[in-house]
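Structure file entry_24.pdb with PDB, C-alpha atoms:
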```
ATOM      1  CA  MET A   1       0.000   0.000   0.000
ATOM      2  CA  ASP A   2       1.489   3.283  -1.115
ATOM      3  CA  THR A   3       1.539   6.158   1.352
ATOM      4  CA  ASP A   4      -1.087   8.121  -0.592
ATOM      5  CA  VAL A   5      -3.583   5.301  -0.046
ATOM      6  CA  LEU A   6      -2.892   5.041   3.675
ATOM      7  CA  TYR A   7      -3.253   8.821   3.971
ATOM      8  CA  ALA A   8      -6.602   8.642   2.164
ATOM      9  CA  ALA A   9      -7.716   5.849   4.506
ATOM     10  CA  PHE A  10      -7.029   8.082   7.505
ATOM     11  CA  ALA A  11      -8.558  11.171   5.863
ATOM     12  CA  SER A  12     -11.882   9.647   4.796
ATOM     13  CA  ASP A  13     -13.930   7.033   6.584
ATOM     14  CA  SER A  14     -16.041   6.246   3.532
ATOM     15  CA  GLY A  15     -13.606   5.775   0.653
ATOM     16  CA  ALA A  16     -12.083   2.714  -0.946
ATOM     17  CA  SER A  17      -8.792   3.319   0.859
ATOM     18  CA  ARG A  18     -10.524   2.987   4.230
ATOM     19  CA  VAL A  19     -12.263  -0.185   3.031
ATOM     20  CA  LEU A  20      -8.865  -1.679   2.161
ATOM     21  CA  LEU A  21      -7.351  -0.653   5.483
ATOM     22  CA  ASN A  22     -10.268  -2.290   7.292
ATOM     23  CA  GLU A  23      -9.845  -5.428   5.154
ATOM     24  CA  ALA A  24      -6.197  -5.545   6.228
ATOM     25  CA  ILE A  25      -7.097  -5.090   9.891
ATOM     26  CA  ASP A  26      -9.694  -7.874   9.559
ATOM     27  CA  GLY A  27      -7.071 -10.141   7.991
ATOM     28  CA  THR A  28      -8.777 -10.365   4.602
ATOM     29  CA  LEU A  29      -6.069  -8.384   2.814
ATOM     30  CA  LYS A  30      -2.362  -8.930   3.395
ATOM     31  CA  LEU A  31      -0.169  -5.825   3.545
ATOM     32  CA  ALA A  32       3.621  -5.696   3.380
ATOM     33  CA  ALA A  33       5.950  -2.817   4.131
ATOM     34  CA  SER A  34       9.661  -2.218   4.416
ATOM     35  CA  THR A  35      11.100  -0.100   7.193
ATOM     36  CA  SER A  36      11.594   2.798   4.778
ATOM     37  CA  LEU A  37       7.978   2.615   3.591
ATOM     38  CA  PHE A  38       6.643   2.410   7.127
ATOM     39  CA  LEU A  39       8.770   5.385   8.177
ATOM     40  CA  GLU A  40       7.305   7.335   5.269
ATOM     41  CA  TYR A  41       3.814   6.422   6.494
ATOM     42  CA  GLU A  42       4.671   7.952   9.853
ATOM     43  CA  ALA A  43       6.404  11.025   8.431
ATOM     44  CA  VAL A  44       3.501  11.883   6.104
ATOM     45  CA  LEU A  45       0.691  11.134   8.556
ATOM     46  CA  CYS A  46       2.367  13.058  11.388
ATOM     47  CA  ARG A  47       2.890  16.280   9.412
ATOM     48  CA  ALA A  48       0.994  19.173  10.950
ATOM     49  CA  GLU A  49      -1.157  19.648   7.840
ATOM     50  CA  SER A  50      -1.936  15.917   7.708
ATOM     51  CA  LEU A  51      -2.945  15.821  11.360
ATOM     52  CA  GLU A  52      -5.219  18.812  10.813
ATOM     53  CA  ARG A  53      -6.787  17.227   7.718
ATOM     54  CA  ILE A  54      -7.393  13.825   9.304
ATOM     55  CA  GLY A  55      -8.483  15.267  12.644
ATOM     56  CA  LEU A  56      -6.206  13.159  14.836
ATOM     57  CA  SER A  57      -3.411  13.967  17.222
ATOM     58  CA  ARG A  58       0.119  12.750  16.619
ATOM     59  CA  ASP A  59      -0.274  10.281  19.494
ATOM     60  CA  GLU A  60      -3.455   8.872  17.931
ATOM     61  CA  VAL A  61      -1.736   8.433  14.574
ATOM     62  CA  VAL A  62       1.244   6.728  16.216
ATOM     63  CA  GLU A  63      -1.137   4.430  18.109
ATOM     64  CA  ALA A  64      -2.909   3.513  14.859
ATOM     65  CA  LEU A  65       0.440   2.907  13.152
ATOM     66  CA  ASP A  66       1.464   0.660  16.038
ATOM     67  CA  LEU A  67      -1.661  -1.419  15.367
ATOM     68  CA  LEU A  68      -0.831  -1.455  11.671
ATOM     69  CA  ALA A  69       2.749  -2.547  12.388
ATOM     70  CA  GLY A  70       1.343  -5.586  14.145
ATOM     71  CA  ILE A  71      -0.504  -6.806  11.050
ATOM     72  CA  ILE A  72       1.851  -5.772   8.252
ATOM     73  CA  GLU A  73       4.241  -8.342   6.864
ATOM     74  CA  PRO A  74       7.719  -6.846   7.378
ATOM     75  CA  VAL A  75       9.868  -6.786   4.265
ATOM     76  CA  GLY A  76      13.629  -6.688   4.248
ATOM     77  CA  LEU A  77      15.134  -5.004   1.210
ATOM     78  CA  HIS A  78      17.614  -7.635   0.114
ATOM     79  CA  TYR A  79      17.982  -6.137  -3.345
ATOM     80  CA  GLN A  80      17.642  -2.565  -4.524
ATOM     81  CA  TRP A  81      16.080  -2.054  -7.918
ATOM     82  CA  ARG A  82      16.807   1.526  -8.912
ATOM     83  CA  PRO A  83      15.860   3.395 -10.927
ATOM     84  CA  VAL A  84      12.599   1.822 -12.076
ATOM     85  CA  ALA A  85       9.882   4.385 -11.379
ATOM     86  CA  LYS A  86       9.337   7.608 -13.303
ATOM     87  CA  ASP A  87       9.559   9.403  -9.951
ATOM     88  CA  PRO A  88      12.679   8.289  -8.034
ATOM     89  CA  ASP A  89      10.772   8.830  -4.766
ATOM     90  CA  ASP A  90       8.591   5.850  -5.734
ATOM     91  CA  ASP A  91      11.463   3.408  -6.265
ATOM     92  CA  PHE A  92      11.415   2.172  -2.675
ATOM     93  CA  VAL A  93       7.694   1.330  -2.941
ATOM     94  CA  ILE A  94       8.414  -0.872  -5.956
ATOM     95  CA  GLU A  95      11.478  -2.330  -4.206
ATOM     96  CA  THR A  96       9.290  -3.225  -1.255
ATOM     97  CA  ALA A  97       6.787  -4.956  -3.521
ATOM     98  CA  VAL A  98       9.523  -6.865  -5.371
ATOM     99  CA  ASN A  99      11.187  -8.028  -2.160
ATOM    100  CA  ALA A 100       7.791  -8.991  -0.702
ATOM    101  CA  VAL A 101       6.975 -10.984  -3.848
ATOM    102  CA  ALA A 102       3.757  -8.970  -3.955
ATOM    103  CA  ASP A 103       1.087  -9.330  -6.604
ATOM    104  CA  MET A 104       0.271  -5.651  -6.637
ATOM    105  CA  VAL A 105       0.860  -2.174  -5.305
ATOM    106  CA  VAL A 106      -2.187  -0.128  -4.366
ATOM    107  CA  SER A 107      -1.600   3.514  -5.228
ATOM    108  CA  PHE A 108      -3.231   6.559  -6.755
ATOM    109  CA  ASN A 109       0.033   7.176  -8.618
ATOM    110  CA  LEU A 110      -0.304   4.744 -11.525
ATOM    111  CA  LYS A 111       1.394   7.139 -13.932
ATOM    112  CA  ASP A 112       4.752   7.054 -12.149
ATOM    113  CA  MET A 113       4.735   3.474 -10.879
ATOM    114  CA  ALA A 114       2.944   1.172 -13.312
ATOM    115  CA  ALA A 115       5.680   0.738 -15.933
ATOM    116  CA  GLY A 116       8.440   0.147 -13.367
ATOM    117  CA  ALA A 117       6.384  -2.324 -11.370
ATOM    118  CA  ALA A 118       5.356  -4.145 -14.544
ATOM    119  CA  LEU A 119       9.031  -5.023 -15.144
ATOM    120  CA  PHE A 120       8.655  -7.361 -12.162
ATOM    121  CA  GLY A 121       5.168  -8.629 -12.980
ATOM    122  CA  ILE A 122       3.600  -6.417 -10.321
ATOM    123  CA  GLU A 123       0.356  -4.656 -11.089
ATOM    124  CA  VAL A 124      -0.349  -1.167  -9.774
ATOM    125  CA  VAL A 125      -4.030  -0.509  -9.068
ATOM    126  CA  ARG A 126      -6.110   2.237  -7.529
ATOM    127  CA  PRO A 127      -7.927   1.474  -4.267
ATOM    128  CA  GLY A 128     -11.358   1.493  -5.932
ATOM    129  CA  THR A 129     -10.221  -1.067  -8.483
ATOM    130  CA  LEU A 130      -9.053  -3.454  -5.767
ATOM    131  CA  VAL A 131     -12.240  -2.981  -3.730
ATOM    132  CA  ARG A 132     -14.325  -3.895  -6.787
ATOM    133  CA  ARG A 133     -12.192  -6.979  -7.387
ATOM    134  CA  LEU A 134     -12.559  -8.084  -3.784
ATOM    135  CA  LYS A 135     -16.339  -7.716  -4.016
ATOM    136  CA  ASP A 136     -16.386  -9.816  -7.200
ATOM    137  CA  GLU A 137     -14.521 -12.702  -5.507
TER     138      GLU A 137
END
```

What would the structure in this file look like if it were written as structure tokens?
Amino acid sequence: MDTDVLYAAFASDSGASRVLLNEAIDGTLKLAASTSLFLEYEAVLCRAESLERIGLSRDEVVEALDLLAGIIEPVGLHYQWRPVAKDPDDDFVIETAVNAVADMVVSFNLKDMAAGAALFGIEVVRPGTLVRRLKDE
């Protein structure tokens, strides 16, 4: 799960991103994250403007991330695959997916990630697309 999706899950309680986060908490959806990706989650969610937008305190966000850390599959980055994304800031998300042997990355940023992830047979999908697929199963 890319950081933009996790942010959206915190910011809106009715969107597809929140549905996916709840699926992960319920154990229906498996999430994986490297240390660098998880640290980005914390850095983005704990920014003053993020806290204001999502209506939580820093302590509440950290508590939620602690819960998330307990259900996420930790991924060690044994190999670095750079550069692969159009935006170099997205390389570590693809690296995490490759090292996790993930089927897909959920992101709003298909434009910058899809081609790089495809080199490894990893699909990049928007949250709404994955929610629809899960409903169809």

If the PyMOL selection byres ((chain A and resi 38-54) around 8) were run on this exact file, what residues would it hold? Put them as a short mmCIF file (atom, residue, chain, number, x, y, z; two decimals) with C-alpha atoms, in the coordinates of the input.
```cif
data_model
loop_
_atom_site.label_atom_id
_atom_site.label_comp_id
_atom_site.auth_asym_id
_atom_site.auth_seq_id
_atom_site.Cartn_x
_atom_site.Cartn_y
_atom_site.Cartn_z
CA THR A 3 1.54 6.16 1.35
CA LEU A 6 -2.89 5.04 3.68
CA TYR A 7 -3.25 8.82 3.97
CA PHE A 10 -7.03 8.08 7.50
CA ALA A 11 -8.56 11.17 5.86
CA SER A 12 -11.88 9.65 4.80
CA ALA A 33 5.95 -2.82 4.13
CA SER A 34 9.66 -2.22 4.42
CA THR A 35 11.10 -0.10 7.19
CA SER A 36 11.59 2.80 4.78
CA LEU A 37 7.98 2.62 3.59
CA GLY A 55 -8.48 15.27 12.64
CA LEU A 56 -6.21 13.16 14.84
CA SER A 57 -3.41 13.97 17.22
CA ARG A 58 0.12 12.75 16.62
CA VAL A 61 -1.74 8.43 14.57
CA VAL A 62 1.24 6.73 16.22
CA LEU A 65 0.44 2.91 13.15
#
```

For the point (-1.5, -3.5, 12.3) in file coordinates, what residues are within 10 Å, counting all atoms listed in the file? Give the answer as a PyMOL selection string? chain A and resi 21+24-27+31+63-73

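Atom CA of A:Glu137 is positioned 27.5 Å from atom CA of A:Gly116.
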
Pull out every residue that the PyMOL selection byres ((chain A and resi 117-119) around 9) matches in the shown coordinates and put them as number ranges by chain. A: 84-85, 94-95, 97-98, 104-105, 113-116, 120-124

Filtering to C-alpha atoms, could you give me those residues as a PDB file, in the frame of the given file?
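Here's the written file again_32.pdb:
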```pdb
ATOM      1  CA  VAL A  84      12.599   1.822 -12.076  1.00  0.00           C
ATOM      2  CA  ALA A  85       9.882   4.385 -11.379  1.00  0.00           C
ATOM      3  CA  ILE A  94       8.414  -0.872  -5.956  1.00  0.00           C
ATOM      4  CA  GLU A  95      11.478  -2.330  -4.206  1.00  0.00           C
ATOM      5  CA  ALA A  97       6.787  -4.956  -3.521  1.00  0.00           C
ATOM      6  CA  VAL A  98       9.523  -6.865  -5.371  1.00  0.00           C
ATOM      7  CA  MET A 104       0.271  -5.651  -6.637  1.00  0.00           C
ATOM      8  CA  VAL A 105       0.860  -2.174  -5.305  1.00  0.00           C
ATOM      9  CA  MET A 113       4.735   3.474 -10.879  1.00  0.00           C
ATOM     10  CA  ALA A 114       2.944   1.172 -13.312  1.00  0.00           C
ATOM     11  CA  ALA A 115       5.680   0.738 -15.933  1.00  0.00           C
ATOM     12  CA  GLY A 116       8.440   0.147 -13.367  1.00  0.00           C
ATOM     13  CA  PHE A 120       8.655  -7.361 -12.162  1.00  0.00           C
ATOM     14  CA  GLY A 121       5.168  -8.629 -12.980  1.00  0.00           C
ATOM     15  CA  ILE A 122       3.600  -6.417 -10.321  1.00  0.00           C
ATOM     16  CA  GLU A 123       0.356  -4.656 -11.089  1.00  0.00           C
ATOM     17  CA  VAL A 124      -0.349  -1.167  -9.774  1.00  0.00           C
TER      18      VAL A 124
END
```

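Distances from A:Thr96, A:Gly76, A:Asp87, A:Lys30 to A:Lys111 were compared using all atoms listed in the file, and the smallest one belongs to A:Asp87.
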
Å distance separating atom CA of A:Arg126 from atom CA of A:Leu110, one decimal place: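 Going from atom CA of A:Arg126 over to atom CA of A:Leu110, I get 7.5 Å.
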
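Computed from the coordinates, the atom CA of A:Ala32 to atom CA of A:Pro74 distance equals 5.8 Å.
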
Would you mind putting back N, CA and C atoms on stretch 77-105 of chain A, then writing it out as a PDB file, in the frame of the given file?
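Output contents, as saved in selection_15.pdb:
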```
ATOM      1  N   LEU A  77      14.725  -5.348   2.568  1.00  0.00           N
ATOM      2  CA  LEU A  77      15.134  -5.004   1.210  1.00  0.00           C
ATOM      3  C   LEU A  77      16.477  -5.657   0.924  1.00  0.00           C
ATOM      4  N   HIS A  78      16.400  -6.877   0.401  1.00  0.00           N
ATOM      5  CA  HIS A  78      17.614  -7.635   0.114  1.00  0.00           C
ATOM      6  C   HIS A  78      18.281  -7.183  -1.175  1.00  0.00           C
ATOM      7  N   TYR A  79      17.469  -6.641  -2.080  1.00  0.00           N
ATOM      8  CA  TYR A  79      17.982  -6.137  -3.345  1.00  0.00           C
ATOM      9  C   TYR A  79      17.360  -4.772  -3.603  1.00  0.00           C
ATOM     10  N   GLN A  80      18.165  -3.871  -4.129  1.00  0.00           N
ATOM     11  CA  GLN A  80      17.642  -2.565  -4.524  1.00  0.00           C
ATOM     12  C   GLN A  80      17.520  -2.541  -6.046  1.00  0.00           C
ATOM     13  N   TRP A  81      16.370  -2.111  -6.494  1.00  0.00           N
ATOM     14  CA  TRP A  81      16.080  -2.054  -7.918  1.00  0.00           C
ATOM     15  C   TRP A  81      15.848  -0.595  -8.292  1.00  0.00           C
ATOM     16  N   ARG A  82      16.922   0.111  -8.592  1.00  0.00           N
ATOM     17  CA  ARG A  82      16.807   1.526  -8.912  1.00  0.00           C
ATOM     18  C   ARG A  82      17.627   1.853 -10.135  1.00  0.00           C
ATOM     19  N   PRO A  83      17.176   2.759 -10.894  1.00  0.00           N
ATOM     20  CA  PRO A  83      15.860   3.395 -10.927  1.00  0.00           C
ATOM     21  C   PRO A  83      14.881   2.558 -11.750  1.00  0.00           C
ATOM     22  N   VAL A  84      13.641   2.506 -11.312  1.00  0.00           N
ATOM     23  CA  VAL A  84      12.599   1.822 -12.076  1.00  0.00           C
ATOM     24  C   VAL A  84      11.345   2.671 -12.241  1.00  0.00           C
ATOM     25  N   ALA A  85      11.079   3.549 -11.307  1.00  0.00           N
ATOM     26  CA  ALA A  85       9.882   4.385 -11.379  1.00  0.00           C
ATOM     27  C   ALA A  85      10.188   5.693 -12.096  1.00  0.00           C
ATOM     28  N   LYS A  86       9.161   6.288 -12.676  1.00  0.00           N
ATOM     29  CA  LYS A  86       9.337   7.608 -13.303  1.00  0.00           C
ATOM     30  C   LYS A  86       9.763   8.635 -12.267  1.00  0.00           C
ATOM     31  N   ASP A  87       9.205   8.523 -11.063  1.00  0.00           N
ATOM     32  CA  ASP A  87       9.559   9.403  -9.951  1.00  0.00           C
ATOM     33  C   ASP A  87      10.477   8.613  -9.019  1.00  0.00           C
ATOM     34  N   PRO A  88      11.738   9.029  -8.884  1.00  0.00           N
ATOM     35  CA  PRO A  88      12.679   8.289  -8.034  1.00  0.00           C
ATOM     36  C   PRO A  88      12.189   8.098  -6.589  1.00  0.00           C
ATOM     37  N   ASP A  89      11.313   8.975  -6.119  1.00  0.00           N
ATOM     38  CA  ASP A  89      10.772   8.830  -4.766  1.00  0.00           C
ATOM     39  C   ASP A  89       9.860   7.612  -4.637  1.00  0.00           C
ATOM     40  N   ASP A  90       9.454   7.030  -5.753  1.00  0.00           N
ATOM     41  CA  ASP A  90       8.591   5.850  -5.734  1.00  0.00           C
ATOM     42  C   ASP A  90       9.374   4.546  -5.842  1.00  0.00           C
ATOM     43  N   ASP A  91      10.669   4.621  -6.096  1.00  0.00           N
ATOM     44  CA  ASP A  91      11.463   3.408  -6.265  1.00  0.00           C
ATOM     45  C   ASP A  91      11.379   2.487  -5.055  1.00  0.00           C
ATOM     46  N   PHE A  92      11.414   3.040  -3.851  1.00  0.00           N
ATOM     47  CA  PHE A  92      11.415   2.172  -2.675  1.00  0.00           C
ATOM     48  C   PHE A  92      10.075   1.466  -2.474  1.00  0.00           C
ATOM     49  N   VAL A  93       8.997   2.013  -3.011  1.00  0.00           N
ATOM     50  CA  VAL A  93       7.694   1.330  -2.941  1.00  0.00           C
ATOM     51  C   VAL A  93       7.736   0.101  -3.849  1.00  0.00           C
ATOM     52  N   ILE A  94       8.278   0.261  -5.044  1.00  0.00           N
ATOM     53  CA  ILE A  94       8.414  -0.872  -5.956  1.00  0.00           C
ATOM     54  C   ILE A  94       9.404  -1.886  -5.395  1.00  0.00           C
ATOM     55  N   GLU A  95      10.516  -1.421  -4.836  1.00  0.00           N
ATOM     56  CA  GLU A  95      11.478  -2.330  -4.206  1.00  0.00           C
ATOM     57  C   GLU A  95      10.830  -3.148  -3.100  1.00  0.00           C
ATOM     58  N   THR A  96       9.996  -2.514  -2.318  1.00  0.00           N
ATOM     59  CA  THR A  96       9.290  -3.225  -1.255  1.00  0.00           C
ATOM     60  C   THR A  96       8.409  -4.312  -1.851  1.00  0.00           C
ATOM     61  N   ALA A  97       7.670  -3.980  -2.886  1.00  0.00           N
ATOM     62  CA  ALA A  97       6.787  -4.956  -3.521  1.00  0.00           C
ATOM     63  C   ALA A  97       7.576  -6.112  -4.126  1.00  0.00           C
ATOM     64  N   VAL A  98       8.701  -5.815  -4.769  1.00  0.00           N
ATOM     65  CA  VAL A  98       9.523  -6.865  -5.371  1.00  0.00           C
ATOM     66  C   VAL A  98      10.056  -7.788  -4.286  1.00  0.00           C
ATOM     67  N   ASN A  99      10.617  -7.223  -3.231  1.00  0.00           N
ATOM     68  CA  ASN A  99      11.187  -8.028  -2.160  1.00  0.00           C
ATOM     69  C   ASN A  99      10.131  -8.793  -1.367  1.00  0.00           C
ATOM     70  N   ALA A 100       8.895  -8.301  -1.377  1.00  0.00           N
ATOM     71  CA  ALA A 100       7.791  -8.991  -0.702  1.00  0.00           C
ATOM     72  C   ALA A 100       7.160 -10.057  -1.595  1.00  0.00           C
ATOM     73  N   VAL A 101       7.585 -10.109  -2.847  1.00  0.00           N
ATOM     74  CA  VAL A 101       6.975 -10.984  -3.848  1.00  0.00           C
ATOM     75  C   VAL A 101       5.464 -10.703  -3.890  1.00  0.00           C
ATOM     76  N   ALA A 102       5.147  -9.423  -3.952  1.00  0.00           N
ATOM     77  CA  ALA A 102       3.757  -8.970  -3.955  1.00  0.00           C
ATOM     78  C   ALA A 102       3.142  -9.106  -5.339  1.00  0.00           C
ATOM     79  N   ASP A 103       1.832  -9.283  -5.350  1.00  0.00           N
ATOM     80  CA  ASP A 103       1.087  -9.330  -6.604  1.00  0.00           C
ATOM     81  C   ASP A 103       0.806  -7.941  -7.139  1.00  0.00           C
ATOM     82  N   MET A 104       0.640  -6.989  -6.198  1.00  0.00           N
ATOM     83  CA  MET A 104       0.271  -5.651  -6.637  1.00  0.00           C
ATOM     84  C   MET A 104       0.686  -4.598  -5.628  1.00  0.00           C
ATOM     85  N   VAL A 105       0.699  -3.369  -6.127  1.00  0.00           N
ATOM     86  CA  VAL A 105       0.860  -2.174  -5.305  1.00  0.00           C
ATOM     87  C   VAL A 105      -0.446  -1.402  -5.451  1.00  0.00           C
TER      88      VAL A 105
END
```
